[in-house]
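Below is one structure, written out as structure tokens; the observations come after it.
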Amino acid sequence: MCWSPSAIRYGGVCGSDLHYWRHGGVGDFLLREPMVLGHEVVGTVAAGPLAGTAVAVHPATPCGVCPECRDGRRNVCRDTRYLGSAARMPHVQGGFAAEIVVPVEQVRPLPDGLEPRRAALAEPLAVALHAVRRAGPVAGRHLLVTGAGPIGCLVVAAAKAAGAAHVTVTDLLPTALGHARTAGADTLVRADDPAHPGWPSEVDVAVEASGVAAGLDTCLRLVRRGGVVVQLGMLPPGRSPFAGNLVVTREIELRGAFRFDTEFDDALALLASQDAFDGLISAVVPVREAESAFALAADRERSCKVLLDFGAV
């Protein structure tokens with residue numbers, strides 16, 4: 001395995017970074033030792049044949065030999081290494097650093113015309129693309145997305161790119177719904193307003209991106225009989241209540257979506273083709289002000305995606 005050193009330029013602050021920062025864990029992945037955060041990173045190759053090349057970094061290093069890897073599902077590899085993740089011990093240190101070294105297979109030169117700033121969205125967009133693919137064909141269909149955080153907004157963009165005819169998005173915050181509109185949503189609904197005229201009677205596919213049980217309940221109640229619900233948001237650790245009887249009586253297919261694999265390359269290509277994604281980047285903050293950047297990213301009234309700028313020192 002060859003290794004490539006990369007000087008980091010931008011790093012996106014992810015919801016999982018915020019969970020580690022505020023709560024010491026994400027779902028069942030708990031911090032047990034100090035860990036550098038960050039897995040949404042782009043930069044420049046610092047040495048070797050590709051020196052000077054602008055690149056994005058695929059954050060996963062699957063083992064390649066477990067049953068899941070052999071079955072083509074490397075995103076659920078049982079022995080993967082993922083930048084800035086506490087899923088294993090010792091933890092995998094993240095990409096929020098001046099320079100990191102990763103396997104060369106994880107380095108992706110940016111497509112022509114794609115600036116590093118927008119390319120920093122590649123990792124979360126790949127998550128969204130994987131979730132939409134887990135839903136099956138969405139072309140010509142009505143899709144519901146619960147949760148208009150950065151991932152939910154990127155699910156909107158991914159669904160539209162896949163040909164979804166109509167996308168309805170629910171959230172508690174008007175600001176977040178505004179970001180969903182920027183991403184291409186057709187109908188915006190206040191999740192706490194049962195009388196809102198935008199509520200659909202039913203949808204073909206639902207993607208739960210809020211990470212709360214109430215969002216999953218909404219998806220199960222609004223998806224049509226025989227429809228598909230994709231659980232993308234990371235639910236709290238332990239048990240989460242949901243309307244399980246509807247899964248049976250309506251033959252709803254409930255599918256999980258975790259990270260991504262080859263969708264990372266598709267995300268870069270999509271980002272290169274559309275400048276509308278720039279509207280989802282709320283702020284670019286010098287890394288020396290990382291604490292304020294995290295506070296801003298945690299404030300959904302003021303931000304969608306926040307980037308750390310490692311070149312502004």
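Residue numbers start at 1 in each chain; chains themselves are named A, B, ... in the order of the structure tokens; ligands are numbered from 1 in the order shown.
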
Selection: 8 Å around A:Ala122, only C-alpha atoms, excl. self and same-chain fewer than 5 positions, as an MDAnalysis selection string: chainID A and resid 40 56 264 267:268 271

Those same residues, written as a PDB file, in the first residue's frame with N, CA and C atoms?
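Below is the file again.pdb, written as the result:
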ATOM      1  N   GLU A  40     -14.267  15.387   6.268  1.00  0.00           N
ATOM      2  CA  GLU A  40     -14.691  16.041   5.022  1.00  0.00           C
ATOM      3  C   GLU A  40     -13.578  16.989   4.588  1.00  0.00           C
ATOM      4  N   ALA A  56      -9.450  15.645  -3.224  1.00  0.00           N
ATOM      5  CA  ALA A  56     -10.349  15.335  -2.108  1.00  0.00           C
ATOM      6  C   ALA A  56      -9.903  14.004  -1.534  1.00  0.00           C
ATOM      7  N   PHE A 264     -18.470   8.454  -3.741  1.00  0.00           N
ATOM      8  CA  PHE A 264     -17.582   9.604  -3.544  1.00  0.00           C
ATOM      9  C   PHE A 264     -17.159  10.202  -4.886  1.00  0.00           C
ATOM     10  N   ALA A 267     -20.043  11.991  -6.413  1.00  0.00           N
ATOM     11  CA  ALA A 267     -20.265  13.273  -5.755  1.00  0.00           C
ATOM     12  C   ALA A 267     -19.358  14.347  -6.327  1.00  0.00           C
ATOM     13  N   LEU A 268     -18.102  14.019  -6.561  1.00  0.00           N
ATOM     14  CA  LEU A 268     -17.178  14.990  -7.137  1.00  0.00           C
ATOM     15  C   LEU A 268     -17.640  15.423  -8.530  1.00  0.00           C
ATOM     16  N   LEU A 271     -20.671  17.727  -8.148  1.00  0.00           N
ATOM     17  CA  LEU A 271     -20.267  19.039  -7.656  1.00  0.00           C
ATOM     18  C   LEU A 271     -19.617  19.871  -8.758  1.00  0.00           C
TER      19      LEU A 271
END

Surrounding residues of stretch 11-13 of chain A excluding itself and chain neighbours under 2 positions, 6 Å, only C-alpha atoms, as JSON, numbers by chain: {"A": [40, 41, 306, 307, 308]}

Same residues, all heavy atoms, output as a short mmCIF file (atom, residue, chain, number, x, y, z; two decimals), in the first residue's frame:
data_model
loop_
_atom_site.label_atom_id
_atom_site.label_comp_id
_atom_site.auth_asym_id
_atom_site.auth_seq_id
_atom_site.Cartn_x
_atom_site.Cartn_y
_atom_site.Cartn_z
N GLU A 40 -14.27 15.39 6.27
CA GLU A 40 -14.69 16.04 5.02
C GLU A 40 -13.58 16.99 4.59
O GLU A 40 -13.67 18.20 4.78
CB GLU A 40 -16.00 16.81 5.24
CG GLU A 40 -17.14 15.97 5.76
CD GLU A 40 -18.39 16.80 6.08
OE1 GLU A 40 -18.37 18.02 5.77
OE2 GLU A 40 -19.36 16.25 6.61
N VAL A 41 -12.50 16.45 4.02
CA VAL A 41 -11.31 17.28 3.81
C VAL A 41 -10.84 17.26 2.36
O VAL A 41 -10.95 16.25 1.66
CB VAL A 41 -10.16 16.84 4.74
CG1 VAL A 41 -10.50 17.16 6.18
CG2 VAL A 41 -9.84 15.37 4.58
N VAL A 306 -20.59 24.57 7.42
CA VAL A 306 -19.49 25.45 7.81
C VAL A 306 -18.18 24.75 7.50
O VAL A 306 -18.01 23.57 7.82
CB VAL A 306 -19.57 25.81 9.30
CG1 VAL A 306 -18.34 26.61 9.74
CG2 VAL A 306 -20.85 26.59 9.60
N LEU A 307 -17.25 25.48 6.87
CA LEU A 307 -15.94 24.94 6.53
C LEU A 307 -14.87 25.59 7.39
O LEU A 307 -14.92 26.79 7.65
CB LEU A 307 -15.60 25.17 5.06
CG LEU A 307 -16.58 24.69 3.99
CD1 LEU A 307 -15.99 24.96 2.61
CD2 LEU A 307 -16.90 23.22 4.15
N LEU A 308 -13.87 24.78 7.79
CA LEU A 308 -12.65 25.30 8.37
C LEU A 308 -11.65 25.55 7.26
O LEU A 308 -11.48 24.71 6.37
CB LEU A 308 -12.07 24.31 9.37
CG LEU A 308 -12.84 24.09 10.68
CD1 LEU A 308 -12.19 22.96 11.48
CD2 LEU A 308 -12.90 25.36 11.51
#

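Among the candidate residues A:Thr170, A:Thr61, A:Ser4, A:Ser282, the one lying nearest to A:Leu296 is A:Ser282, with distances computed using only C-alpha atoms.
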
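Taking only C-alpha atoms into account, A:Ala269 lies nearest to A:Arg108 out of the set A:Arg181, A:Arg250, A:Arg108, A:Arg32.
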
Non-local contacts of A:Leu110 (12 Å; only C-alpha atoms; under 5 positions in same chain excluded) as a VMD selection string: chain A and resid 42 to 45 50 52 to 58 115 to 120 122 264 to 272

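Of the residues under consideration (A:Ser303, A:Arg133, A:Thr262, A:Ala283), A:Arg133 shows the shortest atom-to-atom contact distance to A:Val228 when counting only C-alpha atoms.
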
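Rounded to one decimal, atom CA of A:Arg300 and atom CA of A:Thr218 lie 21.0 Å from each other.
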
Mind checking which residues fall within 10 Å of A:Leu232, counting only C-alpha atoms, ignoring those fewer than 3 positions away in the same chain, and posting them as a compact mmCIF listing (two decimals) with N, CA, C and O atoms, in the first residue's frame?
# COMPACT_ATOMS: atom_id res chain seq x y z
N VAL A 127 -22.64 10.63 1.02
CA VAL A 127 -23.58 10.02 1.97
C VAL A 127 -25.00 10.13 1.44
O VAL A 127 -25.79 9.18 1.49
N ALA A 128 -25.34 11.31 0.93
CA ALA A 128 -26.69 11.54 0.41
C ALA A 128 -26.95 10.69 -0.83
O ALA A 128 -28.04 10.11 -0.99
N HIS A 130 -25.62 7.86 -1.57
CA HIS A 130 -25.79 6.46 -1.16
C HIS A 130 -27.19 6.23 -0.59
O HIS A 130 -27.82 5.21 -0.88
N ALA A 131 -27.69 7.18 0.20
CA ALA A 131 -29.03 7.04 0.78
C ALA A 131 -30.09 6.98 -0.31
O ALA A 131 -31.03 6.17 -0.25
N VAL A 132 -29.95 7.83 -1.32
CA VAL A 132 -30.92 7.84 -2.42
C VAL A 132 -30.85 6.52 -3.19
O VAL A 132 -31.88 5.95 -3.58
N ARG A 134 -30.00 3.66 -1.94
CA ARG A 134 -30.60 2.64 -1.08
C ARG A 134 -32.12 2.66 -1.21
O ARG A 134 -32.79 1.65 -0.96
N THR A 146 -37.18 14.05 5.87
CA THR A 146 -37.40 14.64 7.19
C THR A 146 -36.06 15.10 7.74
O THR A 146 -35.15 14.30 7.94
N ILE A 151 -27.02 17.28 5.56
CA ILE A 151 -27.22 15.99 4.88
C ILE A 151 -28.60 15.94 4.24
O ILE A 151 -28.75 15.50 3.09
N GLY A 152 -29.62 16.39 4.95
CA GLY A 152 -30.97 16.38 4.38
C GLY A 152 -31.04 17.23 3.12
O GLY A 152 -31.66 16.84 2.12
N VAL A 155 -29.45 15.38 0.35
CA VAL A 155 -30.35 14.32 -0.13
C VAL A 155 -31.32 14.90 -1.15
O VAL A 155 -31.62 14.27 -2.17
N VAL A 207 -36.91 9.52 3.15
CA VAL A 207 -35.57 9.44 3.72
C VAL A 207 -35.56 10.21 5.03
O VAL A 207 -35.84 11.42 5.06
N GLU A 208 -35.27 9.52 6.12
CA GLU A 208 -35.24 10.13 7.43
C GLU A 208 -33.82 10.64 7.68
O GLU A 208 -32.88 9.87 7.85
N ALA A 209 -33.66 11.97 7.71
CA ALA A 209 -32.33 12.56 7.83
C ALA A 209 -32.17 13.41 9.08
O ALA A 209 -31.16 14.09 9.23
N SER A 210 -33.14 13.37 9.99
CA SER A 210 -33.05 14.20 11.19
C SER A 210 -32.38 13.49 12.35
O SER A 210 -31.84 14.13 13.25
N GLY A 211 -32.41 12.16 12.34
CA GLY A 211 -31.81 11.41 13.43
C GLY A 211 -32.64 11.38 14.69
O GLY A 211 -32.11 11.13 15.79
N LEU A 216 -38.62 9.39 11.93
CA LEU A 216 -38.87 8.05 11.40
C LEU A 216 -40.36 7.73 11.44
O LEU A 216 -40.91 7.14 10.49
N VAL A 229 -38.67 3.29 3.10
CA VAL A 229 -38.19 4.29 4.04
C VAL A 229 -36.70 4.01 4.28
O VAL A 229 -36.33 2.89 4.60
N LEU A 235 -29.64 7.72 14.81
CA LEU A 235 -30.53 7.80 15.96
C LEU A 235 -29.74 7.74 17.26
O LEU A 235 -28.59 7.27 17.27
N ARG A 255 -35.01 0.52 5.32
CA ARG A 255 -33.62 0.24 4.98
C ARG A 255 -32.69 1.25 5.66
O ARG A 255 -33.01 2.42 5.76
N GLY A 256 -31.56 0.77 6.11
CA GLY A 256 -30.55 1.67 6.65
C GLY A 256 -29.62 2.15 5.55
O GLY A 256 -29.49 1.52 4.51
N ALA A 257 -28.99 3.31 5.79
CA ALA A 257 -27.99 3.85 4.86
C ALA A 257 -26.83 4.36 5.69
O ALA A 257 -27.00 5.25 6.54
N PHE A 258 -25.65 3.80 5.47
CA PHE A 258 -24.48 4.13 6.28
C PHE A 258 -23.30 4.49 5.37
O PHE A 258 -22.86 3.68 4.56
N ARG A 259 -22.85 5.71 5.50
CA ARG A 259 -21.70 6.19 4.76
C ARG A 259 -21.87 5.98 3.25
O ARG A 259 -22.94 6.25 2.71

Residue neighbourhood A:Asp217, 9 Å, only C-alpha atoms, exclusion window fewer than 6 positions, as a list in words: Pro241, Phe242 and Ala243 of chain A

One-decimal distance in Å that lies between atom CA of A:Ala159 and atom CA of A:Cys219: 16.1 Å

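Note that the spacing between atom CA of A:Ala276 and atom CA of A:Val145 amounts to 19.2 Å.
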
Stretch 19-213 of chain A: residues DSSP assigns to strand (DSSP E or B), reported as a PyMOL selection string: chain A and resi 25-26+29-30+40-45+54-57+60-61+81-82+85+92+99-103+107-109+142-146+166-171+187-190+203-208

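Using only C-alpha atoms, the smallest distance between any of A:Leu143, A:Ala164, A:Val107, A:Ala298 and A:Gly15 comes from A:Ala298.
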